[in-house]
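Participant: Here it is: the structure, laid out below.
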Amino acid sequence: MDDASKTDRRFATTLARGLSVLRAFRPSDDGLGNADISERTGLPKSTVSRLTFTLQALGYLDHASRRDKYRPGPALLALGNVASASISFMDMADPLMQDMADETGTLAVLLVRHDNKMLIVKTWRPRGKASLWLDVGHRLPFNGSSSGHALLASLSEEGFIRTVADAGGERGLTPERATDIRRSAHDQLTTRGFVMADSDEYFTANIRAVAVPYFSRDLSEPVIFTCGALPEELSADRAQAEVGPKLRATIQELDRITGHGAMKGGRAL
């Protein structure tokens, strides 16, 4: 979110703070207290207390049998289901990405831009095979992940500038570094149709992945489909020769089914 939006008279600060409370929760959490939420959001504990009380009263948080620990409530679950159902490509992507995961033995994920990182919103695990531990709610950096590099390459110029500014230099993502990533990743999308971050630049040595952007009419910016595995299970050669091209073909098939238009070099035509 840019600073101009925050200073606009139409910007509802209380609503933004309430949403930041909901974003503080992660799948691995066994409930969060007000102090935990305060630490994660940077909001005063007194403010958090009022917000969690309100969100609980509305059903977005729940602490039944949790004492002073909150968890996402039924209203939030319903809201998430409505959002998922309203995005037309999700149902059609499910069988394609599950086949992708099964055939390659990789963890397939769907990511979106969220604040200053990439957020996993859907996973497809290969049947009968152990896979990476990443799950829904996990966040990856723009700088040093195939998913982040693919996003930077496929954003509009305005979206790219805004995203880099919002990142605030997170993990060394200066404007100069972001421009280098964008140029390199765009070249990869143009020449081979997928992005693979250099292993020397990756944010962790435990993952190798390939990524392809997808443009949906339902959304204002691209989402990223990614397949990854441990480096010992997904060599660089295999990623480039097999998994990358297969993911590219899978997203092209999704594009064909949904009729969202052809793509070239990561940009919708």
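Scheme for the structure tokens: letters A, B, ... for chains in order shown; per-chain residue numbers from 1; ligand numbers from 1 in order shown.
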Write out as a PyMOL selection string which residues come within 12 Å of range 55-65 of chain A when counting only C-alpha atoms, dropping same-chain ones fewer than 4 positions away.
Facilitator: chain A and resi 15+17-25+30-34+48-51+69-80
Participant: Store the residues of this selection in a file with N, CA and C atoms, as a PDB file, in the first residue's frame.
Facilitator:
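Output saved as again_11.pdb:
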```pdb
ATOM      1  N   LEU A  15     -10.447   0.426   9.867  1.00  0.00           N
ATOM      2  CA  LEU A  15     -10.648  -0.777   9.058  1.00  0.00           C
ATOM      3  C   LEU A  15      -9.308  -1.409   8.704  1.00  0.00           C
ATOM      4  N   ARG A  17      -6.549  -1.243  10.329  1.00  0.00           N
ATOM      5  CA  ARG A  17      -5.974  -1.881  11.515  1.00  0.00           C
ATOM      6  C   ARG A  17      -6.670  -3.209  11.816  1.00  0.00           C
ATOM      7  N   GLY A  18      -7.988  -3.245  11.641  1.00  0.00           N
ATOM      8  CA  GLY A  18      -8.705  -4.497  11.870  1.00  0.00           C
ATOM      9  C   GLY A  18      -8.260  -5.588  10.910  1.00  0.00           C
ATOM     10  N   LEU A  19      -8.048  -5.214   9.655  1.00  0.00           N
ATOM     11  CA  LEU A  19      -7.577  -6.188   8.682  1.00  0.00           C
ATOM     12  C   LEU A  19      -6.155  -6.639   8.983  1.00  0.00           C
ATOM     13  N   SER A  20      -5.332  -5.740   9.531  1.00  0.00           N
ATOM     14  CA  SER A  20      -3.971  -6.139   9.897  1.00  0.00           C
ATOM     15  C   SER A  20      -3.989  -7.172  11.014  1.00  0.00           C
ATOM     16  N   VAL A  21      -4.985  -7.092  11.893  1.00  0.00           N
ATOM     17  CA  VAL A  21      -5.141  -8.104  12.950  1.00  0.00           C
ATOM     18  C   VAL A  21      -5.432  -9.460  12.317  1.00  0.00           C
ATOM     19  N   LEU A  22      -6.338  -9.509  11.345  1.00  0.00           N
ATOM     20  CA  LEU A  22      -6.672 -10.776  10.687  1.00  0.00           C
ATOM     21  C   LEU A  22      -5.476 -11.330   9.919  1.00  0.00           C
ATOM     22  N   ARG A  23      -4.678 -10.438   9.317  1.00  0.00           N
ATOM     23  CA  ARG A  23      -3.504 -10.896   8.557  1.00  0.00           C
ATOM     24  C   ARG A  23      -2.387 -11.405   9.458  1.00  0.00           C
ATOM     25  N   ALA A  24      -2.475 -11.128  10.749  1.00  0.00           N
ATOM     26  CA  ALA A  24      -1.426 -11.566  11.673  1.00  0.00           C
ATOM     27  C   ALA A  24      -1.431 -13.078  11.883  1.00  0.00           C
ATOM     28  N   PHE A  25      -2.551 -13.732  11.584  1.00  0.00           N
ATOM     29  CA  PHE A  25      -2.669 -15.167  11.856  1.00  0.00           C
ATOM     30  C   PHE A  25      -2.000 -15.992  10.764  1.00  0.00           C
ATOM     31  N   ASP A  30      -1.293 -21.806  17.073  1.00  0.00           N
ATOM     32  CA  ASP A  30      -2.269 -22.470  17.941  1.00  0.00           C
ATOM     33  C   ASP A  30      -2.966 -21.406  18.774  1.00  0.00           C
ATOM     34  N   GLY A  31      -3.532 -20.420  18.082  1.00  0.00           N
ATOM     35  CA  GLY A  31      -4.180 -19.313  18.756  1.00  0.00           C
ATOM     36  C   GLY A  31      -3.189 -18.195  19.052  1.00  0.00           C
ATOM     37  N   LEU A  32      -3.671 -16.947  19.056  1.00  0.00           N
ATOM     38  CA  LEU A  32      -2.852 -15.785  19.368  1.00  0.00           C
ATOM     39  C   LEU A  32      -3.534 -14.938  20.428  1.00  0.00           C
ATOM     40  N   GLY A  33      -2.754 -14.465  21.397  1.00  0.00           N
ATOM     41  CA  GLY A  33      -3.265 -13.537  22.381  1.00  0.00           C
ATOM     42  C   GLY A  33      -3.085 -12.112  21.896  1.00  0.00           C
ATOM     43  N   ASN A  34      -3.662 -11.164  22.613  1.00  0.00           N
ATOM     44  CA  ASN A  34      -3.546  -9.764  22.217  1.00  0.00           C
ATOM     45  C   ASN A  34      -2.088  -9.305  22.168  1.00  0.00           C
ATOM     46  N   VAL A  48      -5.350  -3.248  19.965  1.00  0.00           N
ATOM     47  CA  VAL A  48      -5.589  -4.642  19.581  1.00  0.00           C
ATOM     48  C   VAL A  48      -6.741  -5.228  20.386  1.00  0.00           C
ATOM     49  N   SER A  49      -6.793  -4.922  21.669  1.00  0.00           N
ATOM     50  CA  SER A  49      -7.857  -5.445  22.529  1.00  0.00           C
ATOM     51  C   SER A  49      -9.234  -5.025  22.019  1.00  0.00           C
ATOM     52  N   ARG A  50      -9.381  -3.768  21.624  1.00  0.00           N
ATOM     53  CA  ARG A  50     -10.665  -3.295  21.097  1.00  0.00           C
ATOM     54  C   ARG A  50     -10.996  -3.963  19.765  1.00  0.00           C
ATOM     55  N   LEU A  51      -9.990  -4.117  18.938  1.00  0.00           N
ATOM     56  CA  LEU A  51     -10.223  -4.716  17.625  1.00  0.00           C
ATOM     57  C   LEU A  51     -10.581  -6.194  17.730  1.00  0.00           C
ATOM     58  N   LYS A  69      -6.784 -16.829  23.952  1.00  0.00           N
ATOM     59  CA  LYS A  69      -6.182 -17.027  22.644  1.00  0.00           C
ATOM     60  C   LYS A  69      -7.263 -16.983  21.565  1.00  0.00           C
ATOM     61  N   TYR A  70      -7.017 -16.195  20.536  1.00  0.00           N
ATOM     62  CA  TYR A  70      -7.970 -16.079  19.431  1.00  0.00           C
ATOM     63  C   TYR A  70      -7.543 -16.944  18.256  1.00  0.00           C
ATOM     64  N   ARG A  71      -8.540 -17.379  17.501  1.00  0.00           N
ATOM     65  CA  ARG A  71      -8.308 -18.085  16.248  1.00  0.00           C
ATOM     66  C   ARG A  71      -9.272 -17.535  15.208  1.00  0.00           C
ATOM     67  N   PRO A  72      -9.001 -17.703  13.910  1.00  0.00           N
ATOM     68  CA  PRO A  72      -9.957 -17.245  12.892  1.00  0.00           C
ATOM     69  C   PRO A  72     -11.328 -17.876  13.123  1.00  0.00           C
ATOM     70  N   GLY A  73     -12.371 -17.085  12.969  1.00  0.00           N
ATOM     71  CA  GLY A  73     -13.728 -17.533  13.244  1.00  0.00           C
ATOM     72  C   GLY A  73     -14.490 -17.949  11.999  1.00  0.00           C
ATOM     73  N   PRO A  74     -15.735 -18.427  12.174  1.00  0.00           N
ATOM     74  CA  PRO A  74     -16.535 -18.933  11.050  1.00  0.00           C
ATOM     75  C   PRO A  74     -16.851 -17.882  10.002  1.00  0.00           C
ATOM     76  N   ALA A  75     -17.038 -16.630  10.411  1.00  0.00           N
ATOM     77  CA  ALA A  75     -17.339 -15.588   9.427  1.00  0.00           C
ATOM     78  C   ALA A  75     -16.164 -15.375   8.480  1.00  0.00           C
ATOM     79  N   LEU A  76     -14.951 -15.517   9.001  1.00  0.00           N
ATOM     80  CA  LEU A  76     -13.761 -15.362   8.158  1.00  0.00           C
ATOM     81  C   LEU A  76     -13.656 -16.528   7.180  1.00  0.00           C
ATOM     82  N   LEU A  77     -13.984 -17.728   7.644  1.00  0.00           N
ATOM     83  CA  LEU A  77     -13.983 -18.900   6.772  1.00  0.00           C
ATOM     84  C   LEU A  77     -14.985 -18.724   5.635  1.00  0.00           C
ATOM     85  N   ALA A  78     -16.180 -18.246   5.981  1.00  0.00           N
ATOM     86  CA  ALA A  78     -17.206 -18.021   4.961  1.00  0.00           C
ATOM     87  C   ALA A  78     -16.751 -16.983   3.952  1.00  0.00           C
ATOM     88  N   LEU A  79     -16.109 -15.922   4.432  1.00  0.00           N
ATOM     89  CA  LEU A  79     -15.630 -14.866   3.548  1.00  0.00           C
ATOM     90  C   LEU A  79     -14.570 -15.404   2.581  1.00  0.00           C
ATOM     91  N   GLY A  80     -13.675 -16.244   3.099  1.00  0.00           N
ATOM     92  CA  GLY A  80     -12.644 -16.831   2.255  1.00  0.00           C
ATOM     93  C   GLY A  80     -13.225 -17.732   1.183  1.00  0.00           C
TER      94      GLY A  80
END
```
Participant: Mind dumping a table of every range 174-267 of chain A residue within 12 Å of range 163-168 of chain A, with the nearest atom pair and its distance in Å to one decimal, using only C-alpha atoms, sorted by chain and rising number, as a Markdown table?
Facilitator:
```
| residue | atom | partner | partner_atom | distance |
| --- | --- | --- | --- | --- |
| A:Thr174 | CA | A:Val164 | CA | 7.5 |
| A:Pro175 | CA | A:Val164 | CA | 6.5 |
| A:Glu176 | CA | A:Val164 | CA | 10.0 |
| A:Arg177 | CA | A:Val164 | CA | 9.8 |
| A:Ala178 | CA | A:Val164 | CA | 7.0 |
| A:Thr179 | CA | A:Val164 | CA | 9.4 |
| A:Ile181 | CA | A:Val164 | CA | 11.4 |
| A:Arg182 | CA | A:Val164 | CA | 10.9 |
| A:Glu221 | CA | A:Thr163 | CA | 11.2 |
```
Participant: Any chance you can output those residues with C-alpha atoms as a tab-separated table (two decimals), in the first residue's frame?
Facilitator:
```tsv
chain	number	residue	atom	x	y	z
A	174	THR	CA	16.44	-1.80	-3.79
A	175	PRO	CA	14.99	-0.21	-6.95
A	176	GLU	CA	18.23	-1.10	-8.75
A	177	ARG	CA	18.10	-4.74	-7.64
A	178	ALA	CA	14.40	-4.97	-8.51
A	179	THR	CA	15.06	-3.61	-11.99
A	181	ILE	CA	15.46	-8.98	-11.40
A	182	ARG	CA	12.65	-7.70	-13.62
A	221	GLU	CA	-2.58	-8.01	-11.29
```
Participant: Enumerate, as a list in words, the complete set of residues in range 16-106 of chain A that a backbone-based DSSP assignment places in strand (DSSP E).
Facilitator: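 Put together, the selection reads Leu61, Asp62, Arg71 and Pro72 of chain A.
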Participant: List every residue of range 132-219 of chain A that has an atom at most 10 Å from any atom of range 251-261 of chain A, giving for each one its closest atom pair and the distance in Å to one decimal, counting only C-alpha atoms, sorted by chain and then by ascending residue number, as CSV.
Facilitator:
```
residue,atom,partner,partner_atom,distance
A:Gly193,CA,A:Gln252,CA,9.8
A:Val212,CA,A:Ile251,CA,7.5
A:Pro213,CA,A:Ile251,CA,8.4
A:Tyr214,CA,A:Ile251,CA,7.1
A:Phe215,CA,A:His260,CA,7.3
A:Ser216,CA,A:His260,CA,6.4
A:Arg217,CA,A:His260,CA,6.7
A:Asp218,CA,A:His260,CA,9.8
```
Participant: Using N, CA and C atoms, can you write the selected residues to a file as a PDB file, in the first residue's frame?
Facilitator:
```
ATOM      1  N   GLY A 193       9.426 -19.152 -21.210  1.00  0.00           N
ATOM      2  CA  GLY A 193       8.063 -19.192 -20.684  1.00  0.00           C
ATOM      3  C   GLY A 193       7.930 -19.491 -19.212  1.00  0.00           C
ATOM      4  N   VAL A 212       5.491 -19.454 -13.119  1.00  0.00           N
ATOM      5  CA  VAL A 212       4.846 -18.894 -14.315  1.00  0.00           C
ATOM      6  C   VAL A 212       3.737 -17.946 -13.875  1.00  0.00           C
ATOM      7  N   PRO A 213       3.693 -16.721 -14.400  1.00  0.00           N
ATOM      8  CA  PRO A 213       2.601 -15.809 -14.049  1.00  0.00           C
ATOM      9  C   PRO A 213       1.328 -16.162 -14.810  1.00  0.00           C
ATOM     10  N   TYR A 214       0.198 -15.802 -14.220  1.00  0.00           N
ATOM     11  CA  TYR A 214      -1.089 -16.032 -14.866  1.00  0.00           C
ATOM     12  C   TYR A 214      -1.935 -14.775 -14.729  1.00  0.00           C
ATOM     13  N   PHE A 215      -2.546 -14.361 -15.810  1.00  0.00           N
ATOM     14  CA  PHE A 215      -3.354 -13.150 -15.831  1.00  0.00           C
ATOM     15  C   PHE A 215      -4.830 -13.534 -15.901  1.00  0.00           C
ATOM     16  N   SER A 216      -5.586 -13.127 -14.899  1.00  0.00           N
ATOM     17  CA  SER A 216      -7.010 -13.418 -14.850  1.00  0.00           C
ATOM     18  C   SER A 216      -7.809 -12.128 -14.976  1.00  0.00           C
ATOM     19  N   ARG A 217      -8.924 -12.194 -15.681  1.00  0.00           N
ATOM     20  CA  ARG A 217      -9.800 -11.021 -15.780  1.00  0.00           C
ATOM     21  C   ARG A 217     -10.429 -10.680 -14.434  1.00  0.00           C
ATOM     22  N   ASP A 218     -10.421 -11.639 -13.510  1.00  0.00           N
ATOM     23  CA  ASP A 218     -11.023 -11.402 -12.201  1.00  0.00           C
ATOM     24  C   ASP A 218     -10.147 -10.544 -11.297  1.00  0.00           C
TER      25      ASP A 218
END
```
Participant: Of the candidates A:His138, A:Arg113, A:Lys122, A:Lys129, which shows the shortest atom-to-atom distance to Leu155 in chain A, using only C-alpha atoms?
Facilitator: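 Ranking A:His138, A:Arg113, A:Lys122, A:Lys129 by distance to Leu155 in chain A, first place goes to A:Arg113.
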Participant: Skipping near chain neighbours, those fewer than 2 positions away, what residues fall within 12 Å of range 247-250 of chain A using only C-alpha atoms, listed as a PyMOL selection string?
Facilitator: chain A and resi 92-101+103-104+106-109+188-196+209-214+224-228+239-245+252-257+263-266
Participant: Output C-alpha atoms for every residue in that selection, as a CSV table (one decimal), in the first residue's frame.
Facilitator:
```
chain,number,residue,atom,x,y,z
A,92,MET,CA,-10.4,-25.2,-13.4
A,93,ALA,CA,-6.9,-24.9,-12.1
A,94,ASP,CA,-7.4,-27.6,-9.4
A,95,PRO,CA,-7.2,-30.8,-11.6
A,96,LEU,CA,-4.5,-29.3,-13.8
A,97,MET,CA,-2.3,-28.4,-10.9
A,98,GLN,CA,-2.9,-31.6,-9.1
A,99,ASP,CA,-1.8,-33.5,-12.2
A,100,MET,CA,1.2,-31.3,-12.4
A,101,ALA,CA,2.2,-32.1,-8.8
A,103,GLU,CA,3.5,-36.1,-12.5
A,104,THR,CA,6.5,-34.1,-11.4
A,106,THR,CA,6.8,-31.4,-6.8
A,107,LEU,CA,4.7,-29.2,-4.5
A,108,ALA,CA,2.6,-26.9,-6.7
A,109,VAL,CA,1.4,-23.6,-5.2
A,188,GLN,CA,13.4,-15.9,-19.1
A,189,LEU,CA,9.6,-15.6,-19.7
A,190,THR,CA,10.3,-14.4,-23.3
A,191,THR,CA,12.7,-17.1,-24.2
A,192,ARG,CA,11.4,-20.2,-22.3
A,193,GLY,CA,8.1,-19.2,-20.7
A,194,PHE,CA,9.0,-19.7,-17.0
A,195,VAL,CA,11.2,-18.2,-14.4
A,196,MET,CA,13.8,-19.9,-12.2
A,209,ALA,CA,11.4,-23.9,-8.0
A,210,VAL,CA,10.1,-22.7,-11.3
A,211,ALA,CA,7.3,-20.1,-11.7
A,212,VAL,CA,4.8,-18.9,-14.3
A,213,PRO,CA,2.6,-15.8,-14.0
A,214,TYR,CA,-1.1,-16.0,-14.9
A,224,ILE,CA,2.0,-16.8,-9.8
A,225,PHE,CA,1.9,-20.6,-10.2
A,226,THR,CA,5.0,-22.3,-8.9
A,227,CYS,CA,6.3,-25.8,-8.6
A,228,GLY,CA,9.2,-26.7,-6.2
A,239,ALA,CA,13.8,-28.0,-13.5
A,240,GLN,CA,14.8,-26.4,-16.8
A,241,ALA,CA,14.2,-29.4,-19.1
A,242,GLU,CA,11.1,-31.0,-17.6
A,243,VAL,CA,9.3,-29.2,-14.8
A,244,GLY,CA,9.5,-25.6,-16.2
A,245,PRO,CA,8.2,-26.5,-19.6
A,252,GLN,CA,-1.2,-22.3,-21.2
A,253,GLU,CA,-3.9,-25.0,-21.0
A,254,LEU,CA,-5.6,-23.1,-18.1
A,255,ASP,CA,-5.4,-20.0,-20.3
A,256,ARG,CA,-7.0,-21.9,-23.1
A,257,ILE,CA,-9.8,-23.3,-21.0
A,263,MET,CA,0.4,-14.4,-23.1
A,264,LYS,CA,3.8,-13.4,-24.4
A,265,GLY,CA,6.9,-12.8,-22.3
A,266,GLY,CA,4.8,-12.8,-19.2
```
Participant: Any idea what's packed within 7 Å of Glu201 in chain A, counting only C-alpha atoms, ignoring anything in its chain fewer than 3 positions away? Could you give it as a PyMOL selection string?
Facilitator: chain A and resi 144+197-198
Participant: Taking N, CA and C atoms for each residue, export the selection above as a CSV table (one decimal), in the first residue's frame.
Facilitator:
```
chain,number,residue,atom,x,y,z
A,144,GLY,N,14.9,-13.2,-4.4
A,144,GLY,CA,15.4,-14.4,-4.1
A,144,GLY,C,14.5,-15.6,-4.1
A,197,ALA,N,14.8,-18.6,-10.4
A,197,ALA,CA,15.8,-17.8,-9.7
A,197,ALA,C,17.1,-18.6,-9.6
A,198,ASP,N,18.2,-17.9,-9.8
A,198,ASP,CA,19.5,-18.5,-9.6
A,198,ASP,C,19.7,-19.0,-8.2
```
Participant: Output as an NGL selection string all residues of range 43-191 of chain A that backbone DSSP marks as alpha helix (DSSP H).
Facilitator: :A and (45-57 or 74-86 or 89-104 or 146-154 or 157-167 or 175-191)
Participant: Interatomic distance between CA of Val112 in chain A and CA of Gly42 in chain A?
Facilitator: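 CA of Gly42 in chain A lies 23.2 Å from CA of Val112 in chain A.
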Participant: Figure out the distance between CA of Leu119 in chain A and CA of Arg9 in chain A, please, to one decimal in Å.
Facilitator: 28.9 Å
Participant: So, with only C-alpha atoms as the atoms that count, which of A:Phe53, A:Asn206, A:Asp115, A:Ile120 lies closest to Arg162 in chain A?
Facilitator: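 The answer is A:Asp115, which sits nearest to Arg162 in chain A.
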Participant: Could you check how far CA of Leu140 in chain A sits from CA of Thr47 in chain A, in Å to one decimal?
Facilitator: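 The value is 28.6 Å.
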Participant: Using only C-alpha atoms, pick whichever of A:His114, A:Asn81, A:Arg26, A:Pro44 has the shortest atom-to-atom distance to Val223 in chain A.
Facilitator: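 Of A:His114, A:Asn81, A:Arg26, A:Pro44, the one nearest Val223 in chain A, counting only C-alpha atoms, is A:His114.
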